[in-house]
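> Attaching a single structure in structure tokens format; questions to follow.
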Protein chains: 4
Amino acid sequence: MPDDVTALSRRSLMMAGGATLVGLGTASAQGASGQGLPGPERPVDTGKVENGRVSFPNWRGPSDRPAPPPAAPLPPAERVGFAIVGLGRLSLEEILPAFGECRKARPVALMSGSPDKAKAVAAQYGIKPEAVHGYDGWDALARNPEVKAVYIVTPNALHRDQVIAAAGAGKHVLCEKPMAVSSGEARAMIEACAAAKVKLMIAYRCQYEPYNREVVRLVRSAKYGKVRLIEATNTQTMSLPEQWRLKKALAGGGSLPDIGLYCLNGVRALMGEEPVAVQAQIHSPDDPLYREVEETVAFTLRFPSGALALCSTSYGAHETRSLTVQAEGGAIALQNAFAYQGQRLFLSHREGKAEAREERVLGAKNQFALEIDHMATCILENRTPRTPGEEGLQDQILMEAIYEAARTGQTVALKGPERRPSLTDKEKAREQARDQAREQDAKGLDPTRGPEPEEAD
Amino acid sequence: MPDDVTALSRRSLMMAGGATLVGLGTASAQGASGQGLPGPERPVDTGKVENGRVSFPNWRGPSDRPAPPPAAPLPPAERVGFAIVGLGRLSLEEILPAFGECRKARPVALMSGSPDKAKAVAAQYGIKPEAVHGYDGWDALARNPEVKAVYIVTPNALHRDQVIAAAGAGKHVLCEKPMAVSSGEARAMIEACAAAKVKLMIAYRCQYEPYNREVVRLVRSAKYGKVRLIEATNTQTMSLPEQWRLKKALAGGGSLPDIGLYCLNGVRALMGEEPVAVQAQIHSPDDPLYREVEETVAFTLRFPSGALALCSTSYGAHETRSLTVQAEGGAIALQNAFAYQGQRLFLSHREGKAEAREERVLGAKNQFALEIDHMATCILENRTPRTPGEEGLQDQILMEAIYEAARTGQTVALKGPERRPSLTDKEKAREQARDQAREQDAKGLDPTRGPEPEEAD
Amino acid sequence: MPDDVTALSRRSLMMAGGATLVGLGTASAQGASGQGLPGPERPVDTGKVENGRVSFPNWRGPSDRPAPPPAAPLPPAERVGFAIVGLGRLSLEEILPAFGECRKARPVALMSGSPDKAKAVAAQYGIKPEAVHGYDGWDALARNPEVKAVYIVTPNALHRDQVIAAAGAGKHVLCEKPMAVSSGEARAMIEACAAAKVKLMIAYRCQYEPYNREVVRLVRSAKYGKVRLIEATNTQTMSLPEQWRLKKALAGGGSLPDIGLYCLNGVRALMGEEPVAVQAQIHSPDDPLYREVEETVAFTLRFPSGALALCSTSYGAHETRSLTVQAEGGAIALQNAFAYQGQRLFLSHREGKAEAREERVLGAKNQFALEIDHMATCILENRTPRTPGEEGLQDQILMEAIYEAARTGQTVALKGPERRPSLTDKEKAREQARDQAREQDAKGLDPTRGPEPEEAD
Amino acid sequence: MPDDVTALSRRSLMMAGGATLVGLGTASAQGASGQGLPGPERPVDTGKVENGRVSFPNWRGPSDRPAPPPAAPLPPAERVGFAIVGLGRLSLEEILPAFGECRKARPVALMSGSPDKAKAVAAQYGIKPEAVHGYDGWDALARNPEVKAVYIVTPNALHRDQVIAAAGAGKHVLCEKPMAVSSGEARAMIEACAAAKVKLMIAYRCQYEPYNREVVRLVRSAKYGKVRLIEATNTQTMSLPEQWRLKKALAGGGSLPDIGLYCLNGVRALMGEEPVAVQAQIHSPDDPLYREVEETVAFTLRFPSGALALCSTSYGAHETRSLTVQAEGGAIALQNAFAYQGQRLFLSHREGKAEAREERVLGAKNQFALEIDHMATCILENRTPRTPGEEGLQDQILMEAIYEAARTGQTVALKGPERRPSLTDKEKAREQARDQAREQDAKGLDPTRGPEPEEAD
């Protein structure tokens, strides 16, 4: 199923029509010189090259989706070099493999507390031995010009110091969520990066994942009118009591900051608004796993436009990760909303006398690769990340309110976001123009976010 | 969500529990030396390294799927180097990006009739300029020791000569399907590769795709007993009359060899048996697209065990690619069976007084990467590919029978496969052992195939 | 959740607003006289009565489906009285219970060879003991003025004589499918009913079932353009070798006339056209169940417009009853198409860059009740049934062709339908007007059918 | 597809095998006398009659569901006669048609404030004109011996007086939900029925619907272990501001008592436990529809076993009615849980390396018919209804707590149920036996309910 036949000359085509095809390869090769070939006989579908990108005419009928244009990765040497800090499961199972699908980023250095592991991993991914460091290797990292950015993938309680260290090394920072174990830490991280003039992005991968983005687009376009109710749930089960996620000092909390955060952040990203009130309940069973951190949290957010969001998370329930939006004119359900893959989007609405429940299938993408490429794009083009430190800080503040609401049994009132990202002048102008075009209700949305990320191909 | 905290000492853990975490990074770094740390305080989930591979203990509860082990790609220099011949849509949209997900293969050379395109693509994928060739570049390719294998991705009518050229250059060959435009060509290709002692594999990607493999596994295990009926359909729409797929001389036929082949090969792979009779009907509308090749084919295969397979393909119907197996005890349906992604597997059976329709969700994988890695594995370990030239030849013979049946309106009787792959002694022994253990009906299955491929992680 | 508050007077509403509601019932009751009640205070949603039918204003918002109007069954004495001939499973499990959902029909007599059973069933359904007959009771049935129609639900080989007997008794006839065990029998039945001037309808329940009708509507409206391929399958498993369905003399064949007929009739009803060629294969395993009749049949129909239909049926595969239509612009899939309930309709098409797979949910209806009510309507209003004897005859002719094709291994060419139903003058005029308005391709569709049935509420 | 051929003699079978079938009907009729027929030649599948019920041997293979036994309705005169009080939408669209599917109940009287409507409806359903009453017709109703029970289907604020009137008339009472507009009213209703020694059942139809019952069964059997989280939502849109549902005096509230009640009652029925704490938020937009009653409510219930239930309801969102249970070992989702039809049940759990999402398909039933037949069974067999007045009272108490929680912003603590139904001695003994057999956690479940209802066929 290939399409590369520029070189097929008129003669080779005639031969191809003949009884034997002996010599066709040679004929084609000769044809490659392209001399004297009358135009029409040439197959038209060999594509064209512009600005280093190849594109092809659509060859499908109008009732099938055209293929997206071919990927056009930056040449390896031009991609943004990342140092990966922390070589736990997430780095090895998801992030390092995802670099194979990145177009603008590549891993060039590692930092780990396990030298043997780091050495093995470096070999697998073609990272130079001299770019492999222990957790005290910040100075060496700072001196490595291939490293433009650092991706912090360590336990939550280490983020603050490592982000500050990375900023101190003059590197841009992509930091895993949750940003920190307290809002105070988050503030310090924002300040350190601002002072060092490096970009800080929090790795809210779902905000870069195509299905989640489609849900945001549908809600913002008011396809189904006003949102009344949102349900978001993120659950999984745990074992291995020794793991750091179950240690309060390292994780900062239990299911809430680890996976419930996806509900909180997802609902906020969907609405664009910030919640004004929160209620919460927590339950943890009598189980050694939950000596330090909570198992199950239910919390309800009220938004200025009147929407109520019912969120829940648990370390004690079979994996479920879903998001549902109920609006005046229809419902949107995203199954596996917060999972690494397997998103499935359903839109329900009336269709005359029938009820329509449409599954909308998009091309699946690696959301880690999209997230990393977004950070690379921001660095290459001096843009503000969609999910900067201020986005992470707001979630830290809200998680503190959720814990308070659960503790007191009272509704906790919330103020607007404490900090807003500093946009570039160009970005600011564009946001203002958009706000002027918007209806009153939609002005000033996304106060803690940078501009919308580029479309993935 | 990281797991890399080997280095966290008892002291740092205590500090982590304190009010401030200043200096934790440093503390961890110190801890990395691991001196005098009492065992139990160490987090257990930092993984271990064996034979260059990292693994982690499962941290999920028993009711959630454990994560597969981390990918362990071969170091880049040890991966099998491929030359990609043909830079059409398939190469650019699917195959070259898929190398980013390969563990054992990498692209090291290109051959194309479009020098500008080849140059641009080489830059994107970090291929050296000197490894970029025109279609006459076989000698240079032969001399490039980095090139161990050639992946032929050109129009069907060119496969024969190019495979022979690759064999002549001493390179192993992975050739896109359909293998050729006639069974005679296929025979010549098999002979040339055998003579040159290089491996020949046909790129039947679905036989490496996890969902298709699960269907084969379910059928072979007789989970639902005897198969009675199979329905396979593969349709899409076309435009662009100039494209080579619509030229008989280049494509060898229309929808049948291009996409109907997936039905034919898929049904054969499922059953393991070879069909004994075929009926067929063809319809092409009065449309310039179908001046040379057919639009729509329906064909029915009868298998020795009694199963009947109803297959259909069209260039004139909205994209549908599905496979259904109806057996005594249940039904298996694979949606998007032949698509590049989006497979969904449903198993239906009685469950007491209820009917159960179970969707079984596997981890999605890039099937091109799996196929390429299989070829690389066969080269690295001197194994016979699951889908060798003999597998492709059998499909060519059957497609010729389908055309004859449609032309004559008569049932065409079929003989057993003409050629069987030469297995290594070790492979032969293993097949014989398996056949001895099998019931009569299942002896000698897969006569045109190599051994089952390795499991993807 | 009721809506009947006409009687609530201004006074009672005021009281209802008060702290206590003591006496409200009384107040309402008084209000029932309706004297002197000022209009506006009355709730508006009590509905209105016109021509003996009640209707209510829609109280749902525009984004929800309005409820259909309330059922308005004919008074029992005005409903068409049916005699049920044969008290096997179908009568007891489906047909007699379905009368409880009929609006225009009621069971008033029974005929059975099992007197004890007939007596028990008559008591359950309130049928008078004197209206219960043995198979020799045609004279008594003829004399019973409550019996307007006879529903024949006996083994296939008995249909011919029983239909002729019913016609002889001057009763309209609804006959289960397959109409008979040969085309010759079918002709005799048509002639007998024509001679007796009674209506003859074959019980093709799916042609009255709302989801199947929606599929027909979608195809005829060319929503997705030309149909290229249809797949229809109807399978189930059998045991109990003594049952009449497995006796050739009683059933006339195996899976084909019993359940494969739904594929054949369903595909014809969908297209409106009649097939011009058929191919077929049959397989029956070595099993006592299949000593007399076939287990599995695959057959392929070619339609004048070029569509190819792949049909399959088996008595040896887990229950699957599905219908798929693949057209230029989209695909239509009806799960459980031929089942008694549980139809699920999916429409697939491109939606911009996405693929949409829409489930369309209609209100479920009892298809037996719809079928019986259609017969009753035809009797009450002197209309031609949608599925008259001529529709059944055409299927008998086609099944004979399928058996021939399987026997000879050759494609069998088919002629147009042998007989067309005699429409009333009014019906004829309407059909001609429709044909004049139609495009060439769609003229003269449904040659063996009566006019479209009325819409179910 | 019939099965009634007892009468087919050996002779007629032989004839049936012959070339012509002339006279077969006659032959069968003769055979009906059954004289001298050798056993084995008789088809075995004509069923048997025992205690007035017919049953058939299963004729499906083991891999298909056997058909349930035929319905065996009570003879009409033995069914429990109901008077329907209120002829609004629910009565006309659902309840009166449902009687056609009842086996043990029939409508014999009507009470309405709209004489014309009542007359028209009585004619449609064969109800005698003298059994049609205005809202002051309680004395006449009392005197009608055909009326054994009254089904109250009027606006909520009328329930109290009408139930008391029905009890005063000595009739058993089935009352629509919500039971009343206050807990005080509910207590009075319970007391009146107890004093009059008539049964009182609240029409919680979902507790009789097969899919909801299957969910309860799955949860109680601990198939997936402990429940952690439940999400229940019930929404629809409204128009027609004049309708009584939007008048506080008549409805008692807005979405909460009308449709949110299904979430509340459904969650309680699922757990069997009673909640110990509730939080709530309410939102109503600035819209004339919501001048008196609320539009949207979110409430969270905490159960003694630790499960948290997030419930939501709205009159301002497109119709969605779903229930999800997340437990340790798997998840249960019931789509359309609270709808009149269209329930779809999904069970998710790990299946080795895969995730299984099983749709479990049960036979659909009319839940109104099941509910009414349950009341009839309780009357015929002197049993306590599954959902007696005490079940309704508990919901009234909880709705009052939800409104309080929303008003104060505080968690409201809840006590155990105030009243428990008086079971018969036999029922008490059975409950005690069950509790002794149960584990500690499951003792004393369902404190406000009667015994489990009978299985529907």
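Ligands are numbered from 1 in the order shown, chains are lettered A, B, ... in the order of the structure tokens, and residues start at 1 in each chain.
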Could you go through region 61-166 of chain C and tell me which residues DSSP, when run on the backbone, assigns to strand (DSSP E or B), listing them as a list in words?

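Those residues are Val80, Gly81, Phe82, Ala83, Ile84, Val85, Ala105, Arg106, Pro107, Val108, Ala109, Leu110, Met111, Val132, His133, Ala149, Val150, Tyr151 and Ile152 of chain C.
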
> Counting only C-alpha atoms, which residues of chain B come no farther than 7 Å from chain C, as a list of chain:residue names?

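Result: B:Arg228, B:His283, B:Gly306, B:Leu310, B:Gly316, B:Ala317, B:His318, B:Gln326, B:Ala327, B:Glu328, B:Gly329, B:Gly330, B:Ala331, B:Gly409, B:Gln410, B:Thr411.
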
> In Å, how far is it from CA of Ser114 (chain B) to CA of Ile152 (chain B)?

15.6 Å
